[in-house]
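Student: Here you go, this is start-v7.pdb (PDB, C-alpha atoms).
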ATOM      1  CA  MET A 113     -77.961  22.792  60.955  1.00  0.00           C
ATOM      2  CA  LEU A 114     -80.233  20.929  58.604  1.00  0.00           C
ATOM      3  CA  PHE A 115     -83.344  20.930  60.809  1.00  0.00           C
ATOM      4  CA  ASP A 116     -82.710  24.221  62.587  1.00  0.00           C
ATOM      5  CA  PRO A 117     -85.989  25.663  63.945  1.00  0.00           C
ATOM      6  CA  GLU A 118     -84.768  29.154  63.011  1.00  0.00           C
ATOM      7  CA  ILE A 119     -84.997  28.419  59.263  1.00  0.00           C
ATOM      8  CA  LYS A 120     -87.356  30.870  57.602  1.00  0.00           C
ATOM      9  CA  ARG A 121     -90.540  29.314  56.217  1.00  0.00           C
ATOM     10  CA  CYS A 122     -90.578  30.013  52.480  1.00  0.00           C
ATOM     11  CA  CYS A 123     -91.560  28.199  49.300  1.00  0.00           C
ATOM     12  CA  ALA A 124     -87.925  27.820  48.323  1.00  0.00           C
ATOM     13  CA  TYR A 125     -87.593  25.055  50.967  1.00  0.00           C
ATOM     14  CA  CYS A 126     -91.030  23.436  50.451  1.00  0.00           C
ATOM     15  CA  GLU A 127     -91.617  19.892  49.170  1.00  0.00           C
ATOM     16  CA  ASP A 128     -94.289  21.103  46.733  1.00  0.00           C
ATOM     17  CA  SER A 129     -92.100  23.622  44.890  1.00  0.00           C
ATOM     18  CA  SER A 130     -89.527  23.586  42.131  1.00  0.00           C
ATOM     19  CA  ASP A 131     -87.212  26.351  40.922  1.00  0.00           C
ATOM     20  CA  LEU A 132     -88.225  28.579  38.007  1.00  0.00           C
ATOM     21  CA  ASP A 133     -85.461  31.173  38.202  1.00  0.00           C
ATOM     22  CA  ASP A 134     -83.485  33.001  40.903  1.00  0.00           C
ATOM     23  CA  ARG A 135     -86.557  34.882  42.183  1.00  0.00           C
ATOM     24  CA  TYR A 136     -89.594  32.647  41.579  1.00  0.00           C
ATOM     25  CA  VAL A 137     -90.516  29.042  42.362  1.00  0.00           C
ATOM     26  CA  LEU A 138     -93.282  26.920  40.875  1.00  0.00           C
ATOM     27  CA  CYS A 139     -95.637  25.682  43.572  1.00  0.00           C
ATOM     28  CA  SER A 140     -97.739  22.620  42.696  1.00  0.00           C
ATOM     29  CA  ARG A 141    -100.653  24.162  44.632  1.00  0.00           C
ATOM     30  CA  LYS A 142    -100.408  27.935  44.000  1.00  0.00           C
ATOM     31  CA  GLY A 143     -98.528  28.158  40.672  1.00  0.00           C
ATOM     32  CA  PRO A 144     -95.601  30.558  40.205  1.00  0.00           C
ATOM     33  CA  VAL A 145     -94.911  32.407  43.459  1.00  0.00           C
ATOM     34  CA  ASP A 146     -92.170  34.570  44.922  1.00  0.00           C
ATOM     35  CA  PHE A 147     -89.163  32.893  46.574  1.00  0.00           C
ATOM     36  CA  ASP A 148     -90.190  34.181  50.046  1.00  0.00           C
ATOM     37  CA  PHE A 149     -93.893  33.295  49.784  1.00  0.00           C
ATOM     38  CA  CYS A 150     -95.291  30.691  52.212  1.00  0.00           C
ATOM     39  CA  CYS A 151     -98.770  29.158  52.340  1.00  0.00           C
ATOM     40  CA  ARG A 152    -100.493  26.902  54.864  1.00  0.00           C
ATOM     41  CA  HIS A 153     -99.475  23.763  52.924  1.00  0.00           C
ATOM     42  CA  TYR A 154     -95.773  24.365  53.605  1.00  0.00           C
ATOM     43  CA  ARG A 155     -93.722  21.236  54.344  1.00  0.00           C
ATOM     44  CA  TYR A 156     -89.992  21.601  54.893  1.00  0.00           C
ATOM     45  CA  ASP A 157     -87.728  19.642  52.529  1.00  0.00           C
ATOM     46  CA  PRO A 158     -84.105  19.651  53.790  1.00  0.00           C
ATOM     47  CA  LEU A 159     -82.799  18.546  50.383  1.00  0.00           C
ATOM     48  CA  ARG A 160     -83.926  21.810  48.778  1.00  0.00           C
ATOM     49  CA  ARG A 161     -81.644  23.858  51.032  1.00  0.00           C
ATOM     50  CA  GLN A 162     -78.187  24.901  49.856  1.00  0.00           C
ATOM     51  CA  PRO A 163     -75.702  24.662  52.746  1.00  0.00           C
ATOM     52  CA  HIS A 164     -73.222  27.439  53.395  1.00  0.00           C
ATOM     53  CA  PRO A 165     -69.761  26.777  51.973  1.00  0.00           C
ATOM     54  CA  PRO A 166     -67.227  25.540  54.543  1.00  0.00           C
ATOM     55  CA  VAL A 167     -64.946  28.127  56.068  1.00  0.00           C
ATOM     56  CA  LYS A 168     -61.345  27.699  55.017  1.00  0.00           C
ATOM     57  CA  SER A 169     -58.793  27.717  57.759  1.00  0.00           C
ATOM     58  CA  SER A 170     -55.994  30.232  57.388  1.00  0.00           C
ATOM     59  CA  LYS A 171     -53.713  28.298  59.744  1.00  0.00           C
ATOM     60  CA  LYS A 172     -51.022  26.160  58.148  1.00  0.00           C
ATOM     61  CA  PHE A 173     -50.641  22.865  59.978  1.00  0.00           C
ATOM     62  CA  THR A 174     -47.328  21.068  60.395  1.00  0.00           C
ATOM     63  CA  LYS A 175     -46.469  17.497  61.239  1.00  0.00           C
ATOM     64  CA  LYS A 176     -45.729  18.568  64.829  1.00  0.00           C
ATOM     65  CA  ASP A 177     -49.362  19.662  65.297  1.00  0.00           C
ATOM     66  CA  PHE A 178     -50.505  16.047  64.895  1.00  0.00           C
ATOM     67  CA  GLU A 179     -48.018  14.424  67.254  1.00  0.00           C
ATOM     68  CA  LEU A 180     -48.880  13.324  70.778  1.00  0.00           C
TER      69      LEU A 180
END
Could you render the structure from this file as structure tokens?

Tutor:
Amino acid sequence: MLFDPEIKRCCAYCEDSSDLDDRYVLCSRKGPVDFDFCCRHYRYDPLRRQPHPPVKSSKKFTKKDFEL
């Protein structure tokens, strides 16, 4: 879920950060910080989150499956 309360608070999902590389983000307030760092100015930005890829179904559907 996009606004799941179980999402870990970290700078990777903060409005004030931007990506530097795969391990560090650039915080507009603290400078370069670790991906998992979180300060008191944290504000969640749902657009910074990468959703999990959809699970592919292994079942092969036929025309009969969609008939009433």

Student: Please write as a list of chain:residue names the full residue list that the PyMOL selection byres ((chain A and resi 121) around 9) yields on this file.

Tutor: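 Checking the PyMOL selection byres ((chain A and resi 121) around 9) against this file, the residues are A:Glu118, A:Ile119, A:Lys120, A:Cys122, A:Cys123, A:Ala124, A:Tyr125, A:Cys126, A:Asp148, A:Phe149, A:Cys150, A:Tyr154, A:Arg155, A:Tyr156.
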
Student: Do you know which residues are at most 12 Å from Ser130 (chain A) counting all atoms listed in the file, after dropping those on the same chain fewer than 3 positions away, and could you put them as a list in words?

Tutor: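 Returned residues: Cys123, Ala124, Tyr125, Cys126, Glu127, Asp133, Asp134, Arg135, Tyr136, Val137, Leu138, Cys139, Ser140, Arg141, Lys142, Gly143, Pro144, Val145, Asp146, Phe147, Asp157, Leu159, Arg160 and Arg161 of chain A.
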
Student: Tell me, in Å to one decimal, how far CA of Asp131 (chain A) is from CA of Gln162 (chain A).

Tutor: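 Distance reported for this atom pair: 12.8 Å.
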
Student: Counting all atoms listed in the file, figure out which residue out of A:Pro158, A:Phe178, A:His153, A:Ser170 gets nearest to Pro117 (chain A).

Tutor: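 For Pro117 (chain A), the nearest of the given residues is A:Pro158.
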
Student: Ranking A:Lys171, A:Pro166, A:Asp177, A:Asp128 by minimum distance to Arg152 (chain A) and counting only C-alpha atoms, which one comes first?

Tutor: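 Looking at the shortest contact to Arg152 (chain A), the residue is A:Asp128.
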
Student: Complete region 165-176 of chain A at the level of all heavy atoms, written as an mmCIF file, keeping the file's coordinate frame.

Tutor:
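Saved the output as selection_38.cif:
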data_model
loop_
_atom_site.group_PDB
_atom_site.id
_atom_site.type_symbol
_atom_site.label_atom_id
_atom_site.label_comp_id
_atom_site.auth_asym_id
_atom_site.auth_seq_id
_atom_site.Cartn_x
_atom_site.Cartn_y
_atom_site.Cartn_z
ATOM 1 N N PRO A 165 -71.050 27.385 52.272
ATOM 2 C CA PRO A 165 -69.761 26.777 51.973
ATOM 3 C C PRO A 165 -68.906 26.685 53.237
ATOM 4 O O PRO A 165 -69.006 27.542 54.120
ATOM 5 C CB PRO A 165 -69.125 27.709 50.948
ATOM 6 C CG PRO A 165 -69.879 28.977 51.055
ATOM 7 C CD PRO A 165 -71.225 28.660 51.605
ATOM 8 N N PRO A 166 -68.067 25.668 53.350
ATOM 9 C CA PRO A 166 -67.227 25.540 54.543
ATOM 10 C C PRO A 166 -66.206 26.676 54.638
ATOM 11 O O PRO A 166 -65.732 27.192 53.625
ATOM 12 C CB PRO A 166 -66.532 24.199 54.359
ATOM 13 C CG PRO A 166 -66.610 23.913 52.911
ATOM 14 C CD PRO A 166 -67.839 24.597 52.395
ATOM 15 N N VAL A 167 -65.908 27.060 55.838
ATOM 16 C CA VAL A 167 -64.946 28.127 56.068
ATOM 17 C C VAL A 167 -63.545 27.536 55.968
ATOM 18 O O VAL A 167 -63.239 26.522 56.595
ATOM 19 C CB VAL A 167 -65.158 28.751 57.471
ATOM 20 C CG1 VAL A 167 -64.124 29.827 57.728
ATOM 21 C CG2 VAL A 167 -66.554 29.295 57.584
ATOM 22 N N LYS A 168 -62.714 28.174 55.176
ATOM 23 C CA LYS A 168 -61.345 27.699 55.017
ATOM 24 C C LYS A 168 -60.484 28.218 56.152
ATOM 25 O O LYS A 168 -60.559 29.381 56.522
ATOM 26 C CB LYS A 168 -60.772 28.150 53.679
ATOM 27 C CG LYS A 168 -61.451 27.497 52.509
ATOM 28 C CD LYS A 168 -60.766 27.840 51.227
ATOM 29 C CE LYS A 168 -61.444 27.115 50.090
ATOM 30 N NZ LYS A 168 -60.773 27.371 48.826
ATOM 31 N N SER A 169 -59.685 27.346 56.672
ATOM 32 C CA SER A 169 -58.793 27.717 57.759
ATOM 33 C C SER A 169 -57.568 28.432 57.191
ATOM 34 O O SER A 169 -56.989 28.011 56.191
ATOM 35 C CB SER A 169 -58.341 26.467 58.519
ATOM 36 O OG SER A 169 -57.398 26.809 59.485
ATOM 37 N N SER A 170 -57.169 29.494 57.844
ATOM 38 C CA SER A 170 -55.994 30.232 57.388
ATOM 39 C C SER A 170 -54.715 29.721 58.056
ATOM 40 O O SER A 170 -53.626 30.104 57.672
ATOM 41 C CB SER A 170 -56.168 31.722 57.677
ATOM 42 O OG SER A 170 -56.310 31.917 59.071
ATOM 43 N N LYS A 171 -54.869 28.824 59.037
ATOM 44 C CA LYS A 171 -53.713 28.298 59.744
ATOM 45 C C LYS A 171 -53.086 27.180 58.928
ATOM 46 O O LYS A 171 -53.757 26.309 58.402
ATOM 47 C CB LYS A 171 -54.120 27.758 61.116
ATOM 48 C CG LYS A 171 -52.948 27.249 61.904
ATOM 49 C CD LYS A 171 -53.352 26.738 63.260
ATOM 50 C CE LYS A 171 -52.105 26.216 63.968
ATOM 51 N NZ LYS A 171 -52.417 25.587 65.216
ATOM 52 N N LYS A 172 -51.773 27.204 58.834
ATOM 53 C CA LYS A 172 -51.022 26.160 58.148
ATOM 54 C C LYS A 172 -50.566 25.145 59.183
ATOM 55 O O LYS A 172 -49.863 25.485 60.129
ATOM 56 C CB LYS A 172 -49.808 26.742 57.420
ATOM 57 C CG LYS A 172 -50.151 27.784 56.392
ATOM 58 C CD LYS A 172 -50.924 27.172 55.253
ATOM 59 C CE LYS A 172 -51.231 28.224 54.209
ATOM 60 N NZ LYS A 172 -52.109 27.786 53.197
ATOM 61 N N PHE A 173 -51.010 23.909 59.034
ATOM 62 C CA PHE A 173 -50.641 22.865 59.978
ATOM 63 C C PHE A 173 -49.319 22.225 59.590
ATOM 64 O O PHE A 173 -48.979 22.117 58.421
ATOM 65 C CB PHE A 173 -51.725 21.784 60.025
ATOM 66 C CG PHE A 173 -53.025 22.276 60.567
ATOM 67 C CD1 PHE A 173 -54.097 22.527 59.737
ATOM 68 C CD2 PHE A 173 -53.179 22.494 61.926
ATOM 69 C CE1 PHE A 173 -55.299 22.990 60.235
ATOM 70 C CE2 PHE A 173 -54.378 22.948 62.440
ATOM 71 C CZ PHE A 173 -55.432 23.196 61.595
ATOM 72 N N THR A 174 -48.591 21.783 60.604
ATOM 73 C CA THR A 174 -47.328 21.068 60.395
ATOM 74 C C THR A 174 -47.447 19.682 60.977
ATOM 75 O O THR A 174 -48.417 19.349 61.666
ATOM 76 C CB THR A 174 -46.165 21.807 61.076
ATOM 77 O OG1 THR A 174 -46.409 21.826 62.495
ATOM 78 C CG2 THR A 174 -46.005 23.226 60.563
ATOM 79 N N LYS A 175 -46.462 18.860 60.725
ATOM 80 C CA LYS A 175 -46.469 17.497 61.239
ATOM 81 C C LYS A 175 -46.453 17.504 62.769
ATOM 82 O O LYS A 175 -47.037 16.635 63.416
ATOM 83 C CB LYS A 175 -45.265 16.740 60.684
ATOM 84 C CG LYS A 175 -45.276 15.287 60.996
ATOM 85 C CD LYS A 175 -44.148 14.569 60.291
ATOM 86 C CE LYS A 175 -44.241 13.078 60.600
ATOM 87 N NZ LYS A 175 -43.229 12.330 59.880
ATOM 88 N N LYS A 176 -45.817 18.480 63.368
ATOM 89 C CA LYS A 176 -45.729 18.568 64.829
ATOM 90 C C LYS A 176 -47.112 18.796 65.471
ATOM 91 O O LYS A 176 -47.343 18.357 66.595
ATOM 92 C CB LYS A 176 -44.782 19.709 65.192
ATOM 93 C CG LYS A 176 -44.469 19.788 66.658
ATOM 94 C CD LYS A 176 -43.459 20.879 66.942
ATOM 95 C CE LYS A 176 -43.178 20.894 68.432
ATOM 96 N NZ LYS A 176 -42.227 21.928 68.788
#
